[in-house]
$ cat work.csv   # CSV, N, CA and C atoms
chain,number,residue,atom,x,y,z
A,1,MET,N,-12.6,1.0,6.7
A,1,MET,CA,-12.8,2.2,5.9
A,1,MET,C,-11.7,3.2,6.1
A,2,GLY,N,-11.3,3.8,5.0
A,2,GLY,CA,-10.3,4.8,5.0
A,2,GLY,C,-10.9,6.2,4.8
A,3,PHE,N,-10.1,7.2,4.6
A,3,PHE,CA,-10.5,8.6,4.3
A,3,PHE,C,-9.7,9.2,3.2
A,4,ILE,N,-10.3,10.0,2.5
A,4,ILE,CA,-9.6,10.8,1.4
A,4,ILE,C,-10.2,12.2,1.3
A,5,THR,N,-9.4,13.1,1.0
A,5,THR,CA,-9.9,14.5,0.9
A,5,THR,C,-10.9,14.5,-0.3
A,6,ASN,N,-11.9,15.4,-0.3
A,6,ASN,CA,-12.9,15.4,-1.3
A,6,ASN,C,-12.5,16.2,-2.5
A,7,GLN,N,-11.3,16.8,-2.5
A,7,GLN,CA,-10.8,17.6,-3.6
A,7,GLN,C,-9.3,17.4,-3.6
A,8,TRP,N,-8.7,17.6,-4.8
A,8,TRP,CA,-7.2,17.6,-4.9
A,8,TRP,C,-6.8,18.9,-4.2
A,9,LEU,N,-5.8,18.8,-3.3
A,9,LEU,CA,-5.3,19.9,-2.6
A,9,LEU,C,-3.9,20.2,-3.0
A,10,LYS,N,-3.5,21.5,-3.0
A,10,LYS,CA,-2.2,21.9,-3.3
A,10,LYS,C,-1.8,23.1,-2.5
A,11,GLY,N,-0.5,23.3,-2.4
A,11,GLY,CA,-0.1,24.5,-1.6
A,11,GLY,C,-0.3,24.4,-0.1
A,12,SER,N,-0.4,25.5,0.5
A,12,SER,CA,-0.5,25.5,2.0
A,12,SER,C,-1.8,24.9,2.5
A,13,ALA,N,-1.7,24.1,3.6
A,13,ALA,CA,-2.8,23.5,4.2
A,13,ALA,C,-3.8,24.5,4.7
A,14,ALA,N,-3.3,25.7,5.0
A,14,ALA,CA,-4.2,26.8,5.5
A,14,ALA,C,-5.1,27.3,4.4
A,15,ARG,N,-4.8,27.0,3.1
A,15,ARG,CA,-5.7,27.5,2.0
A,15,ARG,C,-6.6,26.4,1.5
A,16,ASN,N,-6.9,25.3,2.2
A,16,ASN,CA,-7.6,24.2,1.7
A,16,ASN,C,-9.1,24.5,1.6
A,17,ARG,N,-9.6,25.6,2.1
A,17,ARG,CA,-11.0,26.1,1.9
A,17,ARG,C,-12.0,25.1,2.3
A,18,GLY,N,-11.8,24.4,3.4
A,18,GLY,CA,-12.9,23.5,3.9
A,18,GLY,C,-13.0,22.2,3.3
A,19,HIS,N,-12.0,21.7,2.6
A,19,HIS,CA,-12.0,20.4,2.0
A,19,HIS,C,-11.4,19.4,3.1
A,20,TYR,N,-12.3,18.6,3.7
A,20,TYR,CA,-12.0,17.7,4.8
A,20,TYR,C,-12.0,16.3,4.3
A,21,PRO,N,-11.3,15.4,5.0
A,21,PRO,CA,-11.4,14.0,4.6
A,21,PRO,C,-12.9,13.5,4.7
A,22,VAL,N,-13.2,12.6,3.8
A,22,VAL,CA,-14.5,12.0,3.7
A,22,VAL,C,-14.3,10.5,3.8
A,23,GLY,N,-15.2,9.7,4.3
A,23,GLY,CA,-15.1,8.3,4.5
A,23,GLY,C,-15.2,7.6,3.1
A,24,VAL,N,-14.3,6.6,3.0
A,24,VAL,CA,-14.3,5.8,1.7
A,24,VAL,C,-14.0,4.3,2.1
A,25,SER,N,-14.4,3.4,1.2
A,25,SER,CA,-14.0,2.0,1.3
A,25,SER,C,-12.8,1.9,0.4
A,26,LEU,N,-11.9,1.0,0.8
A,26,LEU,CA,-10.6,0.8,0.1
A,26,LEU,C,-10.6,-0.5,-0.5
A,27,LYS,N,-10.1,-0.6,-1.7
A,27,LYS,CA,-9.9,-1.8,-2.5
A,27,LYS,C,-8.5,-1.8,-3.1
A,28,VAL,N,-7.7,-2.9,-2.8
A,28,VAL,CA,-6.4,-3.0,-3.3
A,28,VAL,C,-6.4,-4.2,-4.3
A,29,GLN,N,-5.8,-4.0,-5.4
A,29,GLN,CA,-5.7,-5.2,-6.3
A,29,GLN,C,-4.5,-5.0,-7.2
A,30,GLY,N,-4.0,-6.2,-7.6
A,30,GLY,CA,-2.9,-6.2,-8.6
A,30,GLY,C,-3.5,-5.9,-10.0
A,31,THR,N,-2.6,-5.5,-10.9
A,31,THR,CA,-3.1,-5.2,-12.3
A,31,THR,C,-2.0,-5.6,-13.3
A,32,SER,N,-2.5,-6.0,-14.4
A,32,SER,CA,-1.5,-6.4,-15.4
A,32,SER,C,-2.0,-6.2,-16.9
A,33,ASP,N,-2.8,-5.1,-17.0
A,33,ASP,CA,-3.3,-4.8,-18.4
A,33,ASP,C,-2.2,-4.1,-19.2
A,34,THR,N,-2.4,-3.9,-20.4
A,34,THR,CA,-1.4,-3.3,-21.3
A,34,THR,C,-1.0,-1.9,-20.8
A,35,TRP,N,-1.9,-1.1,-20.4
A,35,TRP,CA,-1.6,0.3,-20.0
A,35,TRP,C,-0.7,0.2,-18.7
A,36,ALA,N,-1.1,-0.6,-17.8
A,36,ALA,CA,-0.4,-0.8,-16.5
A,36,ALA,C,1.1,-1.3,-16.8
A,37,GLU,N,1.2,-2.2,-17.7
A,37,GLU,CA,2.5,-2.8,-18.0
A,37,GLU,C,3.4,-1.7,-18.7
A,38,SER,N,2.8,-0.9,-19.5
A,38,SER,CA,3.6,0.2,-20.2
A,38,SER,C,4.0,1.3,-19.2
A,39,LYS,N,3.3,1.5,-18.1
A,39,LYS,CA,3.6,2.5,-17.1
A,39,LYS,C,4.3,1.9,-15.9
A,40,LYS,N,4.5,0.5,-15.9
A,40,LYS,CA,5.2,-0.2,-14.8
A,40,LYS,C,4.3,-0.2,-13.5
A,41,VAL,N,3.0,-0.2,-13.7
A,41,VAL,CA,2.1,-0.2,-12.6
A,41,VAL,C,1.8,-1.7,-12.3
A,42,ILE,N,1.9,-2.0,-11.0
A,42,ILE,CA,1.7,-3.4,-10.6
A,42,ILE,C,0.5,-3.5,-9.6
A,43,CYS,N,0.0,-2.4,-9.0
A,43,CYS,CA,-1.0,-2.5,-8.0
A,43,CYS,C,-1.8,-1.2,-8.0
A,44,THR,N,-3.1,-1.3,-7.7
A,44,THR,CA,-3.9,-0.1,-7.5
A,44,THR,C,-4.6,-0.1,-6.2
A,45,LEU,N,-4.9,1.1,-5.7
A,45,LEU,CA,-5.7,1.3,-4.5
A,45,LEU,C,-6.8,2.2,-4.9
A,46,GLN,N,-8.0,1.7,-4.8
A,46,GLN,CA,-9.2,2.5,-5.1
A,46,GLN,C,-9.9,2.9,-3.8
A,47,ALA,N,-10.2,4.2,-3.7
A,47,ALA,CA,-10.9,4.8,-2.6
A,47,ALA,C,-12.3,5.2,-3.1
A,48,LYS,N,-13.3,4.6,-2.6
A,48,LYS,CA,-14.7,4.8,-3.2
A,48,LYS,C,-15.6,5.3,-2.1
A,49,LYS,N,-16.3,6.4,-2.4
A,49,LYS,CA,-17.3,7.0,-1.5
A,49,LYS,C,-18.6,6.2,-1.7
A,50,GLU,N,-19.5,6.4,-0.7
A,50,GLU,CA,-20.8,5.7,-0.7
A,50,GLU,C,-21.6,6.1,-1.9
A,51,ASP,N,-21.4,7.3,-2.5
A,51,ASP,CA,-22.2,7.7,-3.7
A,51,ASP,C,-21.7,7.1,-5.0
A,52,GLY,N,-20.6,6.3,-4.9
A,52,GLY,CA,-20.0,5.7,-6.1
A,52,GLY,C,-18.8,6.4,-6.7
A,53,ASN,N,-18.6,7.6,-6.3
A,53,ASN,CA,-17.5,8.4,-6.8
A,53,ASN,C,-16.2,7.7,-6.2
A,54,TYR,N,-15.1,7.7,-7.0
A,54,TYR,CA,-13.9,7.1,-6.5
A,54,TYR,C,-12.7,7.8,-7.1
A,55,GLN,N,-11.6,7.5,-6.5
A,55,GLN,CA,-10.2,7.9,-7.0
A,55,GLN,C,-9.4,6.7,-6.9
A,56,THR,N,-8.5,6.5,-7.8
A,56,THR,CA,-7.6,5.4,-7.8
A,56,THR,C,-6.1,5.8,-7.8
A,57,LEU,N,-5.3,5.2,-7.0
A,57,LEU,CA,-3.9,5.4,-6.9
A,57,LEU,C,-3.2,4.2,-7.6
A,58,TYR,N,-2.2,4.5,-8.4
A,58,TYR,CA,-1.5,3.5,-9.2
A,58,TYR,C,-0.1,3.4,-8.7
A,59,PHE,N,0.4,2.2,-8.3
A,59,PHE,CA,1.7,2.0,-7.7
A,59,PHE,C,2.6,1.2,-8.6
A,60,SER,N,3.9,1.6,-8.7
A,60,SER,CA,4.9,0.8,-9.3
A,60,SER,C,5.6,-0.1,-8.2
A,61,ALA,N,6.4,-1.0,-8.6
A,61,ALA,CA,7.2,-1.8,-7.6
A,61,ALA,C,8.0,-0.9,-6.7
A,62,LYS,N,8.6,0.1,-7.3
A,62,LYS,CA,9.4,1.1,-6.6
A,62,LYS,C,8.6,1.8,-5.5
A,63,ASP,N,7.3,2.2,-5.9
A,63,ASP,CA,6.4,2.9,-5.0
A,63,ASP,C,6.2,2.0,-3.8
A,64,LEU,N,5.9,0.7,-4.0
A,64,LEU,CA,5.5,-0.2,-3.0
A,64,LEU,C,6.7,-0.4,-2.0
A,65,GLN,N,7.9,-0.5,-2.6
A,65,GLN,CA,9.1,-0.6,-1.8
A,65,GLN,C,9.3,0.5,-0.8
A,66,GLU,N,8.9,1.7,-1.2
A,66,GLU,CA,8.9,2.9,-0.3
A,66,GLU,C,7.8,2.9,0.7
A,67,ILE,N,6.6,2.4,0.3
A,67,ILE,CA,5.5,2.5,1.2
A,67,ILE,C,5.4,1.3,2.2
A,68,LEU,N,5.7,0.1,1.8
A,68,LEU,CA,5.6,-1.0,2.7
A,68,LEU,C,6.3,-0.9,4.0
A,69,PRO,N,7.5,-0.5,4.1
A,69,PRO,CA,8.2,-0.4,5.4
A,69,PRO,C,7.4,0.5,6.4
A,70,VAL,N,6.8,1.6,5.8
A,70,VAL,CA,6.1,2.5,6.7
A,70,VAL,C,4.8,1.8,7.1
A,71,LEU,N,4.1,1.2,6.2
A,71,LEU,CA,2.8,0.5,6.6
A,71,LEU,C,3.0,-0.6,7.6
A,72,THR,N,4.1,-1.3,7.5
A,72,THR,CA,4.3,-2.4,8.5
A,72,THR,C,4.7,-1.9,9.9
A,73,GLN,N,5.1,-0.7,10.0
A,73,GLN,CA,5.4,-0.1,11.3
A,73,GLN,C,4.1,0.1,12.1
A,74,TYR,N,3.0,0.2,11.4
A,74,TYR,CA,1.7,0.5,12.0
A,74,TYR,C,0.7,-0.6,12.0
A,75,ALA,N,1.1,-1.7,11.4
A,75,ALA,CA,0.2,-2.9,11.4
A,75,ALA,C,0.2,-3.6,12.7
A,76,ASP,N,-0.9,-4.2,13.1
A,76,ASP,CA,-1.0,-5.0,14.3
A,76,ASP,C,-0.3,-6.3,14.1
A,77,ALA,N,-0.2,-7.1,15.2
A,77,ALA,CA,0.5,-8.4,15.1
A,77,ALA,C,-0.1,-9.4,14.1
A,78,ASP,N,-1.5,-9.4,14.0
A,78,ASP,CA,-2.1,-10.3,13.0
A,78,ASP,C,-1.8,-9.9,11.6
A,79,GLY,N,-1.8,-8.6,11.3
A,79,GLY,CA,-1.5,-8.0,10.0
A,79,GLY,C,-0.1,-8.3,9.6
A,80,LEU,N,0.8,-8.2,10.6
A,80,LEU,CA,2.2,-8.5,10.4
A,80,LEU,C,2.5,-9.9,10.0
A,81,LYS,N,1.8,-10.8,10.8
A,81,LYS,CA,1.9,-12.3,10.5
A,81,LYS,C,1.4,-12.6,9.1
A,82,ASP,N,0.3,-12.0,8.7
A,82,ASP,CA,-0.3,-12.3,7.4
A,82,ASP,C,0.7,-11.8,6.3
A,83,THR,N,1.2,-10.6,6.5
A,83,THR,CA,2.1,-10.0,5.6
A,83,THR,C,3.4,-10.8,5.5
A,84,ALA,N,4.0,-11.2,6.6
A,84,ALA,CA,5.2,-11.9,6.6
A,84,ALA,C,5.0,-13.3,5.9
A,85,TYR,N,3.9,-13.9,6.2
A,85,TYR,CA,3.6,-15.2,5.5
A,85,TYR,C,3.5,-15.1,4.0
A,86,ALA,N,2.8,-14.0,3.6
A,86,ALA,CA,2.6,-13.8,2.1
A,86,ALA,C,4.0,-13.5,1.5
A,87,ALA,N,4.8,-12.7,2.2
A,87,ALA,CA,6.1,-12.4,1.6
A,87,ALA,C,7.1,-13.6,1.6
A,88,LEU,N,7.1,-14.3,2.7
A,88,LEU,CA,8.1,-15.4,2.8
A,88,LEU,C,7.8,-16.6,1.9
A,89,ARG,N,6.5,-16.8,1.7
A,89,ARG,CA,6.2,-18.0,0.8
A,89,ARG,C,6.5,-17.7,-0.6
A,90,ARG,N,6.8,-16.5,-1.0
A,90,ARG,CA,7.2,-16.2,-2.4
A,90,ARG,C,8.7,-16.4,-2.6
A,91,LEU,N,9.4,-16.5,-1.5
A,91,LEU,CA,10.9,-16.6,-1.6
A,91,LEU,C,11.3,-18.0,-2.0
A,92,LYS,N,12.4,-18.1,-2.7
A,92,LYS,CA,13.0,-19.4,-3.0
A,92,LYS,C,13.6,-19.9,-1.6
A,93,ASP,N,13.9,-21.2,-1.5
A,93,ASP,CA,14.3,-21.7,-0.3
A,93,ASP,C,15.6,-21.0,0.2
A,94,SER,N,16.6,-20.8,-0.6
A,94,SER,CA,17.8,-20.2,-0.2
A,94,SER,C,17.6,-18.8,0.3
A,95,ALA,N,16.7,-18.0,-0.3
A,95,ALA,CA,16.5,-16.7,0.1
A,95,ALA,C,15.7,-16.7,1.4
A,96,LEU,N,14.8,-17.7,1.6
A,96,LEU,CA,14.1,-17.8,2.9
A,96,LEU,C,15.0,-18.1,4.0
A,97,VAL,N,15.9,-19.0,3.8
A,97,VAL,CA,16.9,-19.3,4.9
A,97,VAL,C,17.8,-18.1,5.2
A,98,GLU,N,18.2,-17.4,4.2
A,98,GLU,CA,19.0,-16.2,4.4
A,98,GLU,C,18.2,-15.1,5.2
A,99,VAL,N,16.9,-14.9,4.9
A,99,VAL,CA,16.1,-14.0,5.7
A,99,VAL,C,15.9,-14.4,7.1
A,100,LEU,N,15.6,-15.7,7.3
A,100,LEU,CA,15.4,-16.2,8.7
A,100,LEU,C,16.7,-16.1,9.5
A,101,LYS,N,17.8,-16.4,8.9
A,101,LYS,CA,19.1,-16.4,9.6
A,101,LYS,C,19.4,-14.9,10.0
A,102,PHE,N,19.2,-14.0,9.0
A,102,PHE,CA,19.5,-12.6,9.3
A,102,PHE,C,18.5,-12.1,10.4
A,103,SER,N,17.3,-12.5,10.4
A,103,SER,CA,16.3,-12.0,11.4
A,103,SER,C,16.6,-12.6,12.8
A,104,LEU,N,17.0,-13.8,12.8
A,104,LEU,CA,17.4,-14.4,14.1
A,104,LEU,C,18.6,-13.8,14.7
A,105,LEU,N,19.6,-13.6,13.9
A,105,LEU,CA,20.9,-13.0,14.3
A,105,LEU,C,20.6,-11.6,14.9
A,106,ARG,N,19.7,-10.8,14.3
A,106,ARG,CA,19.4,-9.5,14.7
A,106,ARG,C,18.7,-9.5,16.0
A,107,ARG,N,18.0,-10.5,16.4
A,107,ARG,CA,17.2,-10.6,17.6
A,107,ARG,C,18.1,-11.0,18.8
A,108,ILE,N,19.2,-11.6,18.5
A,108,ILE,CA,20.1,-12.0,19.6
A,108,ILE,C,20.8,-10.8,20.3
$ encode --input "work.csv" --output "structure tokens"
Amino acid sequence: MGFITNQWLKGSAARNRGHYPVGVSLKVQGTSDTWAESKKVICTLQAKKEDGNYQTLYFSAKDLQEILPVLTQYADADGLKDTAYAALRRLKDSALVEVLKFSLLRRI
């Protein structure tokens, strides 16, 4: 479960007038409909409250490139392994060898 504020907030945090994070379930999925393609959206994150209300965030490839390095800093070992496997299996053989070589050289 994640958390999201129950109102859109702007300005100073001191002026938030009691809008605190509320519990939500999170659902991430890829998207490829016409609207998403026209806006270069490749992934969505939906935060849904128990009462059915939800908010959706829409991400482009550029957004994900900025977010992923931060997320991986806080993932546990199992999450990192799953993420690494998912990423590495998408690479062509030559790119995979290059990544592994670079990673091993940096560890030495």
$ closest_atom_pairs --input "work.csv" --of "segment 32-99 of chain A" --to "segment 21-24 of chain A" --cutoff "8 Å" --atoms "only N, CA and C atoms" --output "CSV"
residue,atom,partner,partner_atom,distance
A:Gln46,C,A:Val24,C,7.3
A:Ala47,C,A:Val24,CA,5.2
A:Lys48,C,A:Val24,CA,4.0
A:Lys49,CA,A:Val24,CA,4.5
A:Glu50,N,A:Val24,CA,5.8
$ atom_distance --input "work.csv" --atom1 "atom CA of Pro69 of chain A" --atom2 "atom CA of Ala87 of chain A"
12.8 Å
$ atom_distance --input "work.csv" --atom1 "atom CA of Lys101 of chain A" --atom2 "atom CA of Ala84 of chain A"
14.9 Å
$ atom_distance --input "work.csv" --atom1 "atom CA of Ser60 of chain A" --atom2 "atom CA of Val41 of chain A"
4.4 Å
$ decode --input "work.csv" --residues "segment 27-54 of chain A" --atoms "N, CA and C atoms" --output "PDB file, in the first residue's frame"
ATOM      1  N   LYS A  27      -1.368   0.474  -8.501  1.00  0.00           N
ATOM      2  CA  LYS A  27      -1.405  -0.411  -9.666  1.00  0.00           C
ATOM      3  C   LYS A  27      -0.620   0.259 -10.791  1.00  0.00           C
ATOM      4  N   VAL A  28       0.386  -0.441 -11.294  1.00  0.00           N
ATOM      5  CA  VAL A  28       1.214   0.069 -12.384  1.00  0.00           C
ATOM      6  C   VAL A  28       0.941  -0.775 -13.615  1.00  0.00           C
ATOM      7  N   GLN A  29       0.779  -0.102 -14.739  1.00  0.00           N
ATOM      8  CA  GLN A  29       0.605  -0.862 -15.981  1.00  0.00           C
ATOM      9  C   GLN A  29       1.066  -0.050 -17.177  1.00  0.00           C
ATOM     10  N   GLY A  30       1.471  -0.771 -18.207  1.00  0.00           N
ATOM     11  CA  GLY A  30       1.827  -0.123 -19.459  1.00  0.00           C
ATOM     12  C   GLY A  30       0.554   0.282 -20.184  1.00  0.00           C
ATOM     13  N   THR A  31       0.684   1.206 -21.106  1.00  0.00           N
ATOM     14  CA  THR A  31      -0.476   1.647 -21.864  1.00  0.00           C
ATOM     15  C   THR A  31      -0.064   1.912 -23.303  1.00  0.00           C
ATOM     16  N   SER A  32      -1.005   1.703 -24.211  1.00  0.00           N
ATOM     17  CA  SER A  32      -0.682   1.915 -25.621  1.00  0.00           C
ATOM     18  C   SER A  32      -1.912   2.354 -26.421  1.00  0.00           C
ATOM     19  N   ASP A  33      -2.874   2.995 -25.765  1.00  0.00           N
ATOM     20  CA  ASP A  33      -4.032   3.460 -26.516  1.00  0.00           C
ATOM     21  C   ASP A  33      -3.682   4.709 -27.326  1.00  0.00           C
ATOM     22  N   THR A  34      -4.607   5.154 -28.137  1.00  0.00           N
ATOM     23  CA  THR A  34      -4.345   6.274 -29.048  1.00  0.00           C
ATOM     24  C   THR A  34      -3.981   7.544 -28.296  1.00  0.00           C
ATOM     25  N   TRP A  35      -4.719   7.851 -27.225  1.00  0.00           N
ATOM     26  CA  TRP A  35      -4.423   9.055 -26.452  1.00  0.00           C
ATOM     27  C   TRP A  35      -3.017   8.978 -25.880  1.00  0.00           C
ATOM     28  N   ALA A  36      -2.680   7.832 -25.276  1.00  0.00           N
ATOM     29  CA  ALA A  36      -1.358   7.670 -24.665  1.00  0.00           C
ATOM     30  C   ALA A  36      -0.255   7.829 -25.710  1.00  0.00           C
ATOM     31  N   GLU A  37      -0.446   7.229 -26.860  1.00  0.00           N
ATOM     32  CA  GLU A  37       0.562   7.341 -27.917  1.00  0.00           C
ATOM     33  C   GLU A  37       0.733   8.788 -28.368  1.00  0.00           C
ATOM     34  N   SER A  38      -0.377   9.520 -28.460  1.00  0.00           N
ATOM     35  CA  SER A  38      -0.285  10.914 -28.902  1.00  0.00           C
ATOM     36  C   SER A  38       0.421  11.796 -27.870  1.00  0.00           C
ATOM     37  N   LYS A  39       0.369  11.403 -26.596  1.00  0.00           N
ATOM     38  CA  LYS A  39       1.007  12.161 -25.519  1.00  0.00           C
ATOM     39  C   LYS A  39       2.336  11.557 -25.090  1.00  0.00           C
ATOM     40  N   LYS A  40       2.766  10.483 -25.782  1.00  0.00           N
ATOM     41  CA  LYS A  40       4.016   9.777 -25.478  1.00  0.00           C
ATOM     42  C   LYS A  40       4.009   9.163 -24.077  1.00  0.00           C
ATOM     43  N   VAL A  41       2.840   8.725 -23.633  1.00  0.00           N
ATOM     44  CA  VAL A  41       2.686   8.059 -22.341  1.00  0.00           C
ATOM     45  C   VAL A  41       2.890   6.564 -22.546  1.00  0.00           C
ATOM     46  N   ILE A  42       3.749   5.957 -21.723  1.00  0.00           N
ATOM     47  CA  ILE A  42       4.010   4.525 -21.863  1.00  0.00           C
ATOM     48  C   ILE A  42       3.614   3.722 -20.633  1.00  0.00           C
ATOM     49  N   CYS A  43       3.336   4.411 -19.522  1.00  0.00           N
ATOM     50  CA  CYS A  43       3.081   3.712 -18.265  1.00  0.00           C
ATOM     51  C   CYS A  43       2.191   4.576 -17.375  1.00  0.00           C
ATOM     52  N   THR A  44       1.307   3.914 -16.605  1.00  0.00           N
ATOM     53  CA  THR A  44       0.482   4.644 -15.648  1.00  0.00           C
ATOM     54  C   THR A  44       0.654   4.060 -14.257  1.00  0.00           C
ATOM     55  N   LEU A  45       0.446   4.894 -13.276  1.00  0.00           N
ATOM     56  CA  LEU A  45       0.423   4.488 -11.866  1.00  0.00           C
ATOM     57  C   LEU A  45      -0.890   4.997 -11.293  1.00  0.00           C
ATOM     58  N   GLN A  46      -1.750   4.058 -10.892  1.00  0.00           N
ATOM     59  CA  GLN A  46      -3.036   4.430 -10.319  1.00  0.00           C
ATOM     60  C   GLN A  46      -2.996   4.229  -8.808  1.00  0.00           C
ATOM     61  N   ALA A  47      -3.371   5.277  -8.081  1.00  0.00           N
ATOM     62  CA  ALA A  47      -3.467   5.223  -6.618  1.00  0.00           C
ATOM     63  C   ALA A  47      -4.959   5.216  -6.290  1.00  0.00           C
ATOM     64  N   LYS A  48      -5.438   4.119  -5.677  1.00  0.00           N
ATOM     65  CA  LYS A  48      -6.875   3.937  -5.449  1.00  0.00           C
ATOM     66  C   LYS A  48      -7.165   3.791  -3.960  1.00  0.00           C
ATOM     67  N   LYS A  49      -8.115   4.601  -3.476  1.00  0.00           N
ATOM     68  CA  LYS A  49      -8.526   4.519  -2.080  1.00  0.00           C
ATOM     69  C   LYS A  49      -9.549   3.403  -1.915  1.00  0.00           C
ATOM     70  N   GLU A  50      -9.806   3.010  -0.670  1.00  0.00           N
ATOM     71  CA  GLU A  50     -10.761   1.938  -0.387  1.00  0.00           C
ATOM     72  C   GLU A  50     -12.159   2.259  -0.888  1.00  0.00           C
ATOM     73  N   ASP A  51     -12.523   3.542  -0.918  1.00  0.00           N
ATOM     74  CA  ASP A  51     -13.871   3.917  -1.361  1.00  0.00           C
ATOM     75  C   ASP A  51     -14.014   3.940  -2.879  1.00  0.00           C
ATOM     76  N   GLY A  52     -12.949   3.579  -3.607  1.00  0.00           N
ATOM     77  CA  GLY A  52     -13.002   3.534  -5.063  1.00  0.00           C
ATOM     78  C   GLY A  52     -12.479   4.777  -5.750  1.00  0.00           C
ATOM     79  N   ASN A  53     -12.339   5.887  -5.040  1.00  0.00           N
ATOM     80  CA  ASN A  53     -11.761   7.092  -5.638  1.00  0.00           C
ATOM     81  C   ASN A  53     -10.307   6.822  -5.996  1.00  0.00           C
ATOM     82  N   TYR A  54      -9.849   7.409  -7.079  1.00  0.00           N
ATOM     83  CA  TYR A  54      -8.471   7.170  -7.501  1.00  0.00           C
ATOM     84  C   TYR A  54      -7.903   8.381  -8.217  1.00  0.00           C
TER      85      TYR A  54
END
